[in-house]
Amino acid sequence: MANKFFVSPSPHVHGPQSTQKIMADVIIALLPAFCVSVAVYGWEVLSLAAVSIASCVLVEYLIQKFLIKGELTVGNLSAVVTGLLLAFNLPAGIPFWIVIIGAFVAIAVGKMTFGGLGKNPFNPALTGRIFLLVAYPAQMTSFPMPHTEGFVDAFSGATPLAAAKAASKTAEGFDYSSVDFLGMFNGAMAGSVGEIATLALLLGFVYLLWQKVITWHIPVSVLGSMAVFAFVVALCRGGSPADLYSFPLFHLLAGGAVLGAVYMATDYSTSPMTPWGMIIFGVGIGVITMCIRLWGSYPEGMSFAIFIMNAAVPLINKYVKPKRFGLKK
């Protein structure tokens, strides 16, 4: 009689969620920010996203078809999410050949080299973005002026973080209290395609929480640690009372803080498994981000912070474990 019992590793409990459903929810959550980006930068954002997504899907398909020769997984939409997130981390108007290179690095190096979805230690989209930032710094830091009114003239095409970094080296410094925070919240600032629409990104965050795709632990700990760090720095600098709230608020709204905290740091494959591990992970990202922003050479540090903390995830998972069932300690 044939053995009908099969032994397999955990988990053995199945739920209604699937990889395709989770990825579809992430895409839906990103749509509001994508629409704002189109309104701000024009229809070229559509072509940028299309090239990025198509390149990621094609690279993954070709590697699986001709190199790995295993089951094709492009249908689970993970490559689509990687392509969309990569596009969100690029400036509008960047040459398409650079986008294609970034997509190749993201999928071939950041994902498929380690065995595909669920086995990659680093976020694939961030892998592509960091490579492009190092290889093509001029193109990656050239931001066109948005096609809307009401922008702060001092930015003159630079991101708010870049403008603040440049002004901090002068005798006058940068007046954070004069920034149009409402405009930044609504998308009125220069930056990468997906980092300008804070309000739209937060709407997507609420949707992901509602669908239980992610939890609050990583985003709140990232943004919370950034705010506390900025407040302490402003306090130590002896700034005016206005600086005590404008300085932290500026760093929460500027750059890729919300995009990184909600959509990049929460990647299942590259983040810790336990709630306390997620909080430690998020605090580490927030602190490293602020250190790079305030004292590093780059005006933005979110991508590097997530990348560094991705490498620390195995260590966090090793020492931050949930209590075993039936144990008192």
# chains A, B, ... in the order shown; residues from 1 in each chain; ligands from 1
>>> residues_around(residues="region 175-190 of chain A", least_positions_apart="2", cutoff="10 Å", atoms="only C-alpha atoms", output="PyMOL selection string")
chain A and resi 33+36-37+39-41+91-92+142-152+154-161+164+167-168+172-173+192-201+240-255
>>> residues_around(residues="region 97-113 of chain A", least_positions_apart="5", cutoff="8 Å", atoms="only C-alpha atoms", output="list of chain:residue names")
A:Leu48, A:Val51, A:Ser52, A:Ile53, A:Ser55, A:Cys56, A:Val59, A:Glu60, A:Ile63, A:Ala79, A:Thr82, A:Gly83, A:Leu86, A:Ala87, A:Lys119, A:Asn120, A:Phe122, A:Asn123, A:Pro124, A:Ala125, A:Leu126, A:Thr127, A:Gly128, A:Arg129, A:Phe131, A:Leu132
>>> atom_distance(atom1="CA of Val222 (chain A)", atom2="CA of Trp295 (chain A)")
18.5 Å
>>> closest_residue(among="A:Leu203, A:Cys236, A:Val258, A:Met302", to="Leu223 (chain A)", atoms="only C-alpha atoms")
A:Val258
>>> atom_distance(atom1="CA of Leu31 (chain A)", atom2="CA of Ala135 (chain A)")
29.1 Å
>>> closest_residue(among="A:Val233, A:Ile218, A:Val74, A:Ala166", to="Met273 (chain A)", atoms="only C-alpha atoms")
A:Ile218
>>> closest_residue(among="A:Val38, A:Val262, A:Leu235, A:Leu72", to="Val220 (chain A)", atoms="only C-alpha atoms")
A:Val262
>>> decode(residues="region 77-107 of chain A", atoms="N, CA and C atoms", output="PDB file, in the first residue's frame")
ATOM      1  N   LEU A  77       2.951  38.687  -9.773  1.00  0.00           N
ATOM      2  CA  LEU A  77       2.978  40.152  -9.728  1.00  0.00           C
ATOM      3  C   LEU A  77       4.113  40.737  -8.895  1.00  0.00           C
ATOM      4  N   SER A  78       4.997  39.909  -8.362  1.00  0.00           N
ATOM      5  CA  SER A  78       6.099  40.452  -7.563  1.00  0.00           C
ATOM      6  C   SER A  78       7.054  41.285  -8.415  1.00  0.00           C
ATOM      7  N   ALA A  79       7.295  40.854  -9.657  1.00  0.00           N
ATOM      8  CA  ALA A  79       8.152  41.634 -10.551  1.00  0.00           C
ATOM      9  C   ALA A  79       7.493  42.957 -10.926  1.00  0.00           C
ATOM     10  N   VAL A  80       6.173  42.953 -11.028  1.00  0.00           N
ATOM     11  CA  VAL A  80       5.441  44.196 -11.316  1.00  0.00           C
ATOM     12  C   VAL A  80       5.612  45.185 -10.165  1.00  0.00           C
ATOM     13  N   VAL A  81       5.482  44.694  -8.932  1.00  0.00           N
ATOM     14  CA  VAL A  81       5.663  45.556  -7.759  1.00  0.00           C
ATOM     15  C   VAL A  81       7.090  46.092  -7.710  1.00  0.00           C
ATOM     16  N   THR A  82       8.074  45.238  -7.994  1.00  0.00           N
ATOM     17  CA  THR A  82       9.462  45.688  -8.000  1.00  0.00           C
ATOM     18  C   THR A  82       9.670  46.779  -9.039  1.00  0.00           C
ATOM     19  N   GLY A  83       9.109  46.588 -10.227  1.00  0.00           N
ATOM     20  CA  GLY A  83       9.239  47.597 -11.276  1.00  0.00           C
ATOM     21  C   GLY A  83       8.573  48.899 -10.909  1.00  0.00           C
ATOM     22  N   LEU A  84       7.396  48.829 -10.284  1.00  0.00           N
ATOM     23  CA  LEU A  84       6.687  50.045  -9.894  1.00  0.00           C
ATOM     24  C   LEU A  84       7.435  50.783  -8.783  1.00  0.00           C
ATOM     25  N   LEU A  85       7.942  50.038  -7.793  1.00  0.00           N
ATOM     26  CA  LEU A  85       8.699  50.672  -6.709  1.00  0.00           C
ATOM     27  C   LEU A  85      10.011  51.254  -7.215  1.00  0.00           C
ATOM     28  N   LEU A  86      10.640  50.580  -8.170  1.00  0.00           N
ATOM     29  CA  LEU A  86      11.864  51.128  -8.758  1.00  0.00           C
ATOM     30  C   LEU A  86      11.561  52.452  -9.453  1.00  0.00           C
ATOM     31  N   ALA A  87      10.465  52.488 -10.208  1.00  0.00           N
ATOM     32  CA  ALA A  87      10.065  53.732 -10.869  1.00  0.00           C
ATOM     33  C   ALA A  87       9.788  54.829  -9.860  1.00  0.00           C
ATOM     34  N   PHE A  88       9.195  54.476  -8.725  1.00  0.00           N
ATOM     35  CA  PHE A  88       8.905  55.453  -7.685  1.00  0.00           C
ATOM     36  C   PHE A  88      10.174  56.056  -7.095  1.00  0.00           C
ATOM     37  N   ASN A  89      11.293  55.360  -7.217  1.00  0.00           N
ATOM     38  CA  ASN A  89      12.558  55.825  -6.657  1.00  0.00           C
ATOM     39  C   ASN A  89      13.441  56.524  -7.684  1.00  0.00           C
ATOM     40  N   LEU A  90      12.896  56.817  -8.848  1.00  0.00           N
ATOM     41  CA  LEU A  90      13.656  57.463  -9.917  1.00  0.00           C
ATOM     42  C   LEU A  90      13.093  58.846 -10.203  1.00  0.00           C
ATOM     43  N   PRO A  91      13.934  59.774 -10.670  1.00  0.00           N
ATOM     44  CA  PRO A  91      13.415  61.084 -11.056  1.00  0.00           C
ATOM     45  C   PRO A  91      12.700  61.020 -12.397  1.00  0.00           C
ATOM     46  N   ALA A  92      11.690  61.831 -12.568  1.00  0.00           N
ATOM     47  CA  ALA A  92      10.984  61.896 -13.840  1.00  0.00           C
ATOM     48  C   ALA A  92      11.935  62.436 -14.913  1.00  0.00           C
ATOM     49  N   GLY A  93      11.850  61.863 -16.087  1.00  0.00           N
ATOM     50  CA  GLY A  93      12.697  62.305 -17.183  1.00  0.00           C
ATOM     51  C   GLY A  93      14.033  61.613 -17.271  1.00  0.00           C
ATOM     52  N   ILE A  94      14.318  60.661 -16.403  1.00  0.00           N
ATOM     53  CA  ILE A  94      15.580  59.932 -16.471  1.00  0.00           C
ATOM     54  C   ILE A  94      15.603  59.086 -17.747  1.00  0.00           C
ATOM     55  N   PRO A  95      16.741  58.972 -18.424  1.00  0.00           N
ATOM     56  CA  PRO A  95      16.796  58.172 -19.664  1.00  0.00           C
ATOM     57  C   PRO A  95      16.339  56.735 -19.436  1.00  0.00           C
ATOM     58  N   PHE A  96      15.630  56.193 -20.423  1.00  0.00           N
ATOM     59  CA  PHE A  96      15.062  54.859 -20.270  1.00  0.00           C
ATOM     60  C   PHE A  96      16.130  53.780 -20.203  1.00  0.00           C
ATOM     61  N   TRP A  97      17.272  54.006 -20.833  1.00  0.00           N
ATOM     62  CA  TRP A  97      18.308  52.977 -20.791  1.00  0.00           C
ATOM     63  C   TRP A  97      18.848  52.802 -19.369  1.00  0.00           C
ATOM     64  N   ILE A  98      18.836  53.865 -18.585  1.00  0.00           N
ATOM     65  CA  ILE A  98      19.239  53.756 -17.187  1.00  0.00           C
ATOM     66  C   ILE A  98      18.184  52.994 -16.389  1.00  0.00           C
ATOM     67  N   VAL A  99      16.909  53.220 -16.723  1.00  0.00           N
ATOM     68  CA  VAL A  99      15.829  52.487 -16.062  1.00  0.00           C
ATOM     69  C   VAL A  99      15.959  50.995 -16.317  1.00  0.00           C
ATOM     70  N   ILE A 100      16.290  50.630 -17.549  1.00  0.00           N
ATOM     71  CA  ILE A 100      16.438  49.213 -17.912  1.00  0.00           C
ATOM     72  C   ILE A 100      17.600  48.581 -17.140  1.00  0.00           C
ATOM     73  N   ILE A 101      18.698  49.310 -17.022  1.00  0.00           N
ATOM     74  CA  ILE A 101      19.833  48.802 -16.240  1.00  0.00           C
ATOM     75  C   ILE A 101      19.430  48.597 -14.785  1.00  0.00           C
ATOM     76  N   GLY A 102      18.716  49.559 -14.221  1.00  0.00           N
ATOM     77  CA  GLY A 102      18.264  49.428 -12.845  1.00  0.00           C
ATOM     78  C   GLY A 102      17.343  48.243 -12.654  1.00  0.00           C
ATOM     79  N   ALA A 103      16.451  48.002 -13.621  1.00  0.00           N
ATOM     80  CA  ALA A 103      15.544  46.857 -13.541  1.00  0.00           C
ATOM     81  C   ALA A 103      16.321  45.547 -13.598  1.00  0.00           C
ATOM     82  N   PHE A 104      17.340  45.503 -14.440  1.00  0.00           N
ATOM     83  CA  PHE A 104      18.163  44.283 -14.541  1.00  0.00           C
ATOM     84  C   PHE A 104      18.872  44.002 -13.217  1.00  0.00           C
ATOM     85  N   VAL A 105      19.459  45.026 -12.614  1.00  0.00           N
ATOM     86  CA  VAL A 105      20.152  44.838 -11.341  1.00  0.00           C
ATOM     87  C   VAL A 105      19.166  44.427 -10.254  1.00  0.00           C
ATOM     88  N   ALA A 106      17.992  45.057 -10.241  1.00  0.00           N
ATOM     89  CA  ALA A 106      16.996  44.756  -9.213  1.00  0.00           C
ATOM     90  C   ALA A 106      16.558  43.294  -9.260  1.00  0.00           C
ATOM     91  N   ILE A 107      16.265  42.791 -10.464  1.00  0.00           N
ATOM     92  CA  ILE A 107      15.751  41.427 -10.598  1.00  0.00           C
ATOM     93  C   ILE A 107      16.881  40.398 -10.648  1.00  0.00           C
TER      94      ILE A 107
END
